[in-house]
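Everything below concerns the one structure shown next.
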Amino acid sequence: MSKTHELKETSGRSLAKGLLAGLIGGLVATAAKTLAERIYPPRTHGEPEPPDVLAEKVARHELLGTQKEIAVEAIHWGFGAMTGAAYGALAEYYPAATAKDGAGFGMALSSLTHGTVLPAMGLSAEPEEQTVRERTSELASLVVYGVVTETVRRVVRKMLG
């Protein structure tokens, strides 16, 4: 057995288990984020959601009906699952990432996505142009996402041994 393999076994860390636990956590958290946004929606004046804008940018034409619904849902759930999986992997090797029961992860994700990447990609307004409601709703729903991701990840990871 190699030293690297021995280290992994003795430390109890597993990239595969971390990815799986995080992916499951991310999917459950995506559902929770969706519910949170129904209670406190970020956009109340008909502004397009970032997944809507991205779907049409990728397609390079306007999407309608079922085609648009499927594309938007795939982006929404895919992002939630993949972000959760990345978080689960990070948590395996950097446990401090789970501080504040995932709330810090949600806040960091909000800053990275709605504060930086989405505006840079032209998928949302610049932070200073976003309404207070949009900023606070996105932050709140991503804190919910982070806490739920961490809670589910922790339970699933324990189940995986």
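We name chains A, B, ... following the order of the structure tokens; residues begin at 1 in each chain, and ligands are numbered from 1 as shown.
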
Could you produce a table of the residues of segment 20-118 of chain A lying within 8 Å of segment 155-158 of chain A, with the nearest pair of atoms per residue and their separation in Å rounded to one decimal, using only C-alpha atoms, ordered by chain and increasing residue number, as CSV?
```
residue,atom,partner,partner_atom,distance
A:Ala21,CA,A:Val156,CA,5.3
A:Ile24,CA,A:Val156,CA,7.8
A:Gly25,CA,A:Val156,CA,8.0
```

If we count only C-alpha atoms and set the cut-off at 10 Å, which residues sit around Ser141 of chain A, ignoring sequence neighbours fewer than 2 positions away in its own chain? Please answer as an NGL selection string.
:A and (29-30 or 32-42 or 106-107 or 110 or 136-139 or 143-147)

For segment 84-90 of chain A: contacts at 7 Å, only C-alpha atoms, fewer than 4 positions along chain excluded, given as a count of residues only:
13

Enumerate the residues of segment 5-153 of chain A with a DSSP assignment of alpha helix (DSSP H), computed from the backbone, and present them as a ChimeraX atom specification.
/A:5-11,15-39,50-59,65-93,103-112,118-120,132-153

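For the residues A:Gly161, A:Gly122, A:Gly102, A:Gly78, ranking by smallest atom-to-atom distance to Ala31 of chain A using only C-alpha atoms places A:Gly78 first.
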
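Computed from the coordinates, the atom CA of Arg13 of chain A to atom CA of Glu92 of chain A distance equals 5.8 Å.
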
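Checking A:Gly104, A:Pro95, A:Pro51, A:Gly46 one by one against Val72 of chain A, counting only C-alpha atoms, you find the shortest gap at A:Pro51.
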
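Here atom CA of His76 of chain A and atom CA of Tyr93 of chain A stand 26.6 Å from one another.
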
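By only C-alpha atoms, and with residues fewer than 5 positions from segment 113-117 of chain A along its chain excluded, the set lying at most 9 Å from it is Ala108, Gly122, Leu123, Ser124, Ala125, Glu126, Pro127, Arg135, Glu138 and Leu139 of chain A.
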
Restricting to only C-alpha atoms, whichever of A:Ala103, A:Ala96, A:Ala120, A:Met159 is closest to Ala140 of chain A is A:Ala103
